[in-house]
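Student: One structure is given below, represented as structure tokens, and several questions about it will come after.
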Amino acid sequence: MRVKNKLYPYPLLADYKTDYVDARFDVNYSVKSEFKQFLINVDFSLTDEYIQSLIKENQLTYLVHLECPVTAYRKTFTTTERNITIPINGNEVKNKVQIASFIVANKEIENFASPNFNSLYQGYNFNFKKGETIAASQHKNIEIVSEYVDPQSIPSIITVVSSDVKVTDVDTDGSKIVILLPKELFNMYNILANTQYQSTIISSVILPALVEVLNSISLLDDEEREFHEENKPWFRVIENIMKESGFEIDDVGTKHTALFFAQKILQNPTAKGLKEIKTEIEREEIDED
């Protein structure tokens with residue numbers, strides 16, 4: 001993605017154009033990694049009061065375009081606020097993200113005329129179709145350092161097995177976290193695990209087990225924690241994920257609940273699962289019509 005210095009049939013607010021005087025559109029970007037997600041923070045700075053007023057009226061909107069040339073990830077995000085934080089899953093991008101921001105028409109606009117037009121455009125007004133660009137920033141490359149581990153399977157630390165237990169349980173005595181399912185539930189899990197209901201299954205089976213594990217390890221004393229670090233690979237993986245995101249095991253139950261951290265580690269499967277169910281209900285309603 002490149003913002004090109006192409007010709008527009010109307011004035012464009014950009015630092016590489018002279019169509020405006022005494023007006024600027026600048027954008028600052030920052031990125032941080034949190035629980036195998038990248039959070040890109042975008043701050044817009046706009047000095048043209050006329051354009052600002054149209055944004056407040058929802059006639060114009062800020063638009064951020066992101067793409068990764070390695071993974072072919074490409075998405076746009078819009079807002080009328082001066083700031084937006086964009087979450088990107090760690091498996092969606094690699095090495096570098098290209099980003100550019102714009103101000104675009106949110107609907108058809110008639111008689112657009114900024115007092116900050118240069119003398120060439122003074123006295124003229126312009127009509128814009130929805131989606132046309134009013135202001136543009138130069139593109140920027142953001143380096144991405146990815147140490148992504150797929151949170152939907154977490155094959156290195158969690159396994160689900162069939163058991164003679166009456167209700168679901170979890171065993172942390174070995175090198176992996178073992179989720180024990182009654183045989184009937186395990187059969188259903190096997191059927192649904194590779195369907196469109198993956199996040200629903202994760203929130204129903206993996207999430208509560210991980211909450212129990214996080215609660216238990218948060219109560220370990222120093223000697224027990226040292227033993228876990230030396231003998232339990234699953235503990236080291238969780239500890240590393242927490243540290244990479246700026247947290248410690250001791251933060252469970254103090255800074256945030258075990259449920260909060262489990263949701264973060266698994267990348268919010270509850271929300272994704274509810275969306276899966278909602279999508280299926282809507283599909284069934286369409287089929288019935």
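Letters A, B, ... go to the chains of the structure tokens in the order shown; residues in each chain start at 1; ligands are counted from 1 in the same order.
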I want to know what sits within 12 Å of Lys272 in chain A, based on only C-alpha atoms, with residues of the same chain fewer than 2 positions away left out; could you give that as a list in words?
Tutor: Gln152, Gln196, Tyr197, Gln198, Ser199, Thr200, Ile201, Ile202, Ser203, Ser204, Gln263, Leu266, Gln267, Asn268, Pro269, Thr270, Leu274, Lys275, Glu276, Ile277, Lys278 and Thr279 of chain A
Student: Determine which residues of range 39-123 of chain A receive a DSSP assignment of alpha helix (DSSP H), computed from the backbone, and state them as a ChimeraX atom specification.
Tutor: /A:49-56
Student: So which one's closest to Met242 in chain A, A:Lys96, A:Arg225, A:Lys183, A:Lys264? Using only C-alpha atoms, please.
Tutor: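 Comparing A:Lys96, A:Arg225, A:Lys183, A:Lys264 against Met242 in chain A, the winner is A:Lys264.
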Student: Would you mind writing down, as a PyMOL selection string, each residue of range 43-198 of chain A that DSSP on the backbone assigns to strand (DSSP E)?
Tutor: chain A and resi 43-46+60-68+73-79+83-89+96-105+109-112+126-128+133-136+140-143+158-163+169-171+177-182
Student: Find the spatial neighbours of range 209-220 of chain A, counting only C-alpha atoms, within a cut-off of 12 Å - ignore same-chain residues fewer than 6 positions away - and output them as a PyMOL selection string.
Tutor: chain A and resi 151+154+157-160+168-173+176-181+202-203+226-229+232+234-236+238-239+242+248-266
Student: Restricting the calculation to only C-alpha atoms, which member of A:Ile134, A:Val237, A:Ala72, A:Ile86 is positioned closest to Ser33 in chain A?
Tutor: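 Of A:Ile134, A:Val237, A:Ala72, A:Ile86, the one nearest Ser33 in chain A, counting only C-alpha atoms, is A:Ile86.
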Student: Do you have the CA of Ser45 in chain A-CA of Asp19 in chain A distance handy?
Tutor: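 That distance, rounded to one decimal, is 17.9 Å.
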